[in-house]
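Participant: This is the structure, below, for whatever I ask next.
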Amino acid sequence: MTTSTERSTNNRRQRRKVNIKWAQAFKQAPWRGQIQSAGLFLLGLVVVIVVASIYLSISGRAASAGLGAYRMNVERQTLERQIADRKARIAILTSVTVMEQRAKDMGFERISSTDAVYVMVPGYPGKQAVVLAAPPGINESNRSLVLPIYRQSIWDWLFQGINRLSESVGGGA
Amino acid sequence: MMSFFLSLNRIKILGFFLSLFIAVIGFQMIRIQLSTHAETLDSWASNYGTEVRTIQSERGYIYDRWGHLLAGNKEVYELGVELQYVRNPVAIATAMASIFGSDYNTVLANVSMPYDSTGSVYVTLQDFIPVDQIDKLDALKQQYEEANPYGENPELPSLRGLVWTPHLQRIYPEGTLASNILGFYTYYDRDKGKGYFGVEEKYDNLLAGIKQKVVIPLDPYEMQEIPTAPAGASLVLTIDREIQRTIEKILDKAVKHNSAKNGTIIVMNPKTGEIIAMASTPRLDPNTYWDYEKLFPAGTSYNMAVSQVYEPGSVFKVLTMASALDAGAVKWDTPFTDTGVIEVGGWPIYNWDRGAWGNQNMIGCMQHSLNVCLSWVALQLGPEKFYEYMESFGIGHRTNIDMANEEVYPLSEPGDPMWYSINLATNSFGQGVAVTPVQMIMAASAIANDGKMMAPHILHSYIQNGQQYETNPQVVGAPISKETSDILTEMLAISLEQEASDALVEGYRVAGKTGTAEIAVNGQYSSGRTNASFVGWGPVDDPQFIVYVWLEQPKSSIWGSVVAAPVFRDVVKQIVVLMNIPPDDLRKSLVAGQ
């Protein structure tokens, strides 16, 4: 049986031993600690340089892509204008008066109903009005050309990830 | 060990200076932010960082039913000078005068304006310049630039400062063709241009698309998806440009040959209400829309087919007879003895020739276009029923055709202050009642289409956001039964055949009715001035077309049977070929042999 006085004396001895151990851990050569500090600083510096390089590379590419998109938009507008212009030119060249004159110059003349030869074609519905675009129902054109992921900053991505994670852990709001 | 400490001190010293350098940079940054120049720098950043741009959609195209372009857009240029970069104003003025024929002194004065960064920076010299002229200018500019790089030598010519920017201009490749249907777009007003008349006005909002101001970041790091304005919707009309061209030629010839004031012809599909062609005189080239006031003096309609009401005369008798047959007031063989006069409301009504035509049936009444007989028919029907039928035929109401500026004249009915009992008689033969040609063709289409009246329309389909939406034919009423329409069509076909009318077309059986309406001048009808009309359809057993002709005040003859019926025949002779309708016998044998 030990008394309470003996127990407290033992505890004090054990604590002293621990303190001695800690004191011994710091008792290494000073140059070693300085090297460690310098190493940590250099490590931090390398990390900063790597992050900065990645940032510069990414932002450079983003700027280049932005300028490319701008140039392509200008080019698209130019092409749209040219297409409209070509359509108008073709329409002028094939206008009814021009075509009529060309036909006349080539020796064609209008026929009468009695001169025409008519043939019944079973199942042929006759000439149908022009179809210039798809009928309604397909919504391809409403889709944005740039996917949302390409317009998201790293912070947006990070916060959204954290939100998703917290919702999945907390069961959602 | 000592040397290590010494080197450590040097590192500390270097660290100290580097830290100081960073601190100085930081201090300078803060100082710039707080300095008086900060606001200026900020405004520069906001000025050069973004650009406010007005995005204008391309105006939609207009096509005929087969896809021929009737209204489109072409590329033209705005020419101006950036005053800051002008090196030789004389050379610019000389080039402008030689290439574009511009006034030398005006250009020189504009180009010589002093540059002011807060005010005058750009001057527009000319707009709507075609591409070929710009190409000439571009070649000259490059030639000068090679001889005098950057315009450094003031003795040599230089076109530096001269800039041109492309944009689109409305164009109508077919010129005057269908211009009364299309209307025009005032493209010279680049900010507030709008459509006038026809489908350009009716569908202006649809064609115009979106015009919006957007902020575009110029910083490439902030370059987002650049906003675009989708082009305006394109329209596919129901008209056929070949038929349109053909009836315009026939109309122009008829107006000239008969010395008529003006005229109109409408060709419609009675089964769908689709307008296949619609011609009116005069016609404007929409590319030079500024001639409008010259060509259309006050009182002249841009499209008399929809915008001009007139007393139609005897063509209206088809509606009176249709109503009476449908109500059972008369039958096709109901006898009528024409004494040459009938008194209604105390007023005598005479025939067109003031003659008495003796014993007739209803076919004879229609064949000889007897006013006395039709007045009697209207009396048999009674005013209540007569006006009820007129309402159901759409008389006094707009057809709501999808073209701008449709006019309507109210129909006076019993109880109205301006209605007298004689109106029943005069209305029965198309006097004292005013309609537009499109109202008449819509009403008559019920007789050609088994009693069903179709809404006349010009839009076949429209293309928006890459999708084509078709319009559906609409039945606007069924004023008469199929039996009535069959009987009346047969009566009208027989009456044309018995009369040996000029409207008859070899190989095709057609039904129709002429009309000659006196024109009231200062409240008095003048027999010397008339409106000559004809409404007809065919082939009788399966109507594919209905045609309405109106010649205003013809001088060669006042009678519709003489001036309007041959026009109908000429139109039908052409459209049966263009619409691939074989002669009746051949068609029936082809169908039988199928």
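How things are named: the first chain in the structure tokens is A, the next is B, and so on; residues count from 1 in each chain; ligands count from 1 in the order shown.
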Any chance you could tabulate, as a Markdown table, the residues of chain B at most 8 Å from chain A with each one's nearest atom pair and distance in Å to one decimal, using only C-alpha atoms, in chain and rising number order?

Facilitator:
```
| residue | atom | partner | partner_atom | distance |
| --- | --- | --- | --- | --- |
| B:Arg65 | CA | A:Ala129 | CA | 5.2 |
| B:Trp66 | CA | A:Val130 | CA | 4.9 |
| B:Gly67 | CA | A:Val130 | CA | 5.4 |
| B:His68 | CA | A:Ala91 | CA | 7.2 |
| B:Leu69 | CA | A:Ala91 | CA | 5.9 |
| B:Leu70 | CA | A:Ala91 | CA | 7.9 |
| B:Gly72 | CA | A:Ala88 | CA | 5.9 |
| B:Asn73 | CA | A:Ala84 | CA | 5.7 |
| B:Lys74 | CA | A:Asp85 | CA | 4.2 |
| B:Glu75 | CA | A:Asp85 | CA | 5.4 |
| B:His167 | CA | A:Arg81 | CA | 7.4 |
| B:Leu168 | CA | A:Arg81 | CA | 6.9 |
| B:Ile171 | CA | A:Ala88 | CA | 7.3 |
| B:Pro173 | CA | A:Ile92 | CA | 4.8 |
| B:Glu174 | CA | A:Ser95 | CA | 5.6 |
| B:Pro220 | CA | A:Ala63 | CA | 4.7 |
| B:Tyr221 | CA | A:Ala63 | CA | 4.8 |
| B:Glu222 | CA | A:Gly66 | CA | 7.6 |
| B:Met223 | CA | A:Gly66 | CA | 5.1 |
| B:Gln224 | CA | A:Gly66 | CA | 7.4 |
| B:Glu225 | CA | A:Val146 | CA | 7.0 |
| B:Ile226 | CA | A:Tyr70 | CA | 7.5 |
| B:Val236 | CA | A:Val130 | CA | 8.0 |
| B:Arg241 | CA | A:Val96 | CA | 7.3 |
| B:Glu242 | CA | A:Val96 | CA | 7.0 |
| B:Arg245 | CA | A:Val96 | CA | 7.5 |
| B:Ile463 | CA | A:Ala133 | CA | 6.8 |
| B:Asn465 | CA | A:Ser141 | CA | 6.9 |
| B:Gly466 | CA | A:Ala133 | CA | 5.9 |
| B:Gln467 | CA | A:Ala134 | CA | 5.0 |
| B:Gln468 | CA | A:Pro135 | CA | 5.0 |
| B:Tyr469 | CA | A:Pro135 | CA | 6.3 |
| B:Lys573 | CA | A:Ser113 | CA | 7.4 |
| B:Gln574 | CA | A:Ser112 | CA | 7.4 |
| B:Val576 | CA | A:Ser113 | CA | 6.9 |
| B:Val577 | CA | A:Ser113 | CA | 5.4 |
| B:Pro582 | CA | A:Tyr118 | CA | 6.6 |
| B:Pro583 | CA | A:Ser113 | CA | 6.9 |
| B:Leu590 | CA | A:Met120 | CA | 6.2 |
| B:Val591 | CA | A:Met120 | CA | 7.7 |
| B:Gln594 | CA | A:Pro122 | CA | 7.2 |
```

Participant: Just the residues within 8 Å of Thr186 of chain B, please, counting only C-alpha atoms, with nothing from its chain fewer than 2 positions along; format it as a VMD selection string.

Facilitator: chain B and resid 184 188 to 189 193 to 196 289

Participant: Keeping only N, CA and C atoms, write those residues as a PDB file, in the first residue's frame.

Facilitator:
```pdb
ATOM      1  N   PHE B 184     -40.833  48.485 -97.691  1.00  0.00           N
ATOM      2  CA  PHE B 184     -39.407  48.813 -97.746  1.00  0.00           C
ATOM      3  C   PHE B 184     -38.868  49.123 -96.353  1.00  0.00           C
ATOM      4  N   TYR B 188     -31.158  53.924 -94.785  1.00  0.00           N
ATOM      5  CA  TYR B 188     -30.240  55.069 -94.662  1.00  0.00           C
ATOM      6  C   TYR B 188     -30.167  55.601 -93.232  1.00  0.00           C
ATOM      7  N   ASP B 189     -31.222  55.370 -92.475  1.00  0.00           N
ATOM      8  CA  ASP B 189     -31.201  55.760 -91.066  1.00  0.00           C
ATOM      9  C   ASP B 189     -30.680  54.565 -90.278  1.00  0.00           C
ATOM     10  N   GLY B 193     -33.738  53.092 -88.467  1.00  0.00           N
ATOM     11  CA  GLY B 193     -34.383  52.553 -89.657  1.00  0.00           C
ATOM     12  C   GLY B 193     -35.513  51.610 -89.285  1.00  0.00           C
ATOM     13  N   LYS B 194     -36.596  51.645 -90.051  1.00  0.00           N
ATOM     14  CA  LYS B 194     -37.704  50.728 -89.777  1.00  0.00           C
ATOM     15  C   LYS B 194     -38.434  50.358 -91.064  1.00  0.00           C
ATOM     16  N   GLY B 195     -39.225  49.320 -90.967  1.00  0.00           N
ATOM     17  CA  GLY B 195     -39.961  48.855 -92.131  1.00  0.00           C
ATOM     18  C   GLY B 195     -41.233  49.657 -92.337  1.00  0.00           C
ATOM     19  N   TYR B 196     -41.536  49.926 -93.595  1.00  0.00           N
ATOM     20  CA  TYR B 196     -42.767  50.624 -93.940  1.00  0.00           C
ATOM     21  C   TYR B 196     -43.525  49.797 -94.978  1.00  0.00           C
ATOM     22  N   TYR B 289     -36.115  53.838-101.893  1.00  0.00           N
ATOM     23  CA  TYR B 289     -37.415  54.103-101.254  1.00  0.00           C
ATOM     24  C   TYR B 289     -37.727  55.588-101.107  1.00  0.00           C
TER      25      TYR B 289
END
```

Participant: Segment 139-304 of chain B: which residues are helix (DSSP H, G or I) by DSSP, as a PyMOL selection string?

Facilitator: chain B and resi 139-147+149-151+179-182+198-202+204-208+220-222+241-257+286-295+304

Participant: Just want the 12 Å neighbourhood of segment 146-150 of chain B, counted on only C-alpha atoms, with same-chain residues fewer than 2 positions away dropped. Output as number ranges by chain.

Facilitator: B: 85-88, 139-144, 152-161

Participant: Per DSSP on the backbone, what are the strand (DSSP E) residues of segment 136-359 of chain B, as a ChimeraX atom specification?

Facilitator: /B:162-171,184-185,195-196,211-217,234-237,262-268,275-280,336-338,341-344,347-350,358-359

Participant: Do you have, as CSV, the list of residues of segment 314-426 of chain B lying at most 12 Å from segment 531-541 of chain B, each with its nearest atom pair and that distance in Å to one decimal, counting only C-alpha atoms and ordered by chain then number?

Facilitator:
```
residue,atom,partner,partner_atom,distance
B:Ser314,CA,B:Ser533,CA,8.2
B:Val315,CA,B:Phe534,CA,6.4
B:Phe316,CA,B:Val535,CA,9.3
B:Lys317,CA,B:Val535,CA,10.8
B:Val318,CA,B:Val535,CA,9.2
B:Leu319,CA,B:Val535,CA,11.4
```

Participant: Could you tell me how far atom CA of Ser280 of chain B sits from atom CA of Ala71 of chain B, in Å to one decimal place?

Facilitator: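 Those two atoms sit 18.6 Å apart.
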
Participant: Which residue gives the smallest distance to Asp542 of chain B among B:Leu177, B:Val510, B:Met268, B:Ala231, with only C-alpha atoms counted?

Facilitator: B:Val510

Participant: One decimal, Å: what's the distance from atom CA of Leu162 of chain B over to atom CA of Val74 of chain A, could you say?

Facilitator: 20.5 Å

Participant: Could you work out how far atom CA of Gly161 of chain A lies from atom CA of Ser53 of chain A, giving the answer in Å with one decimal?

Facilitator: 24.6 Å

Participant: From the options B:Val344, B:Cys365, B:Ala378, B:Val549, which residue's atoms come nearest to Met440 of chain B, counting only C-alpha atoms?

Facilitator: B:Val549
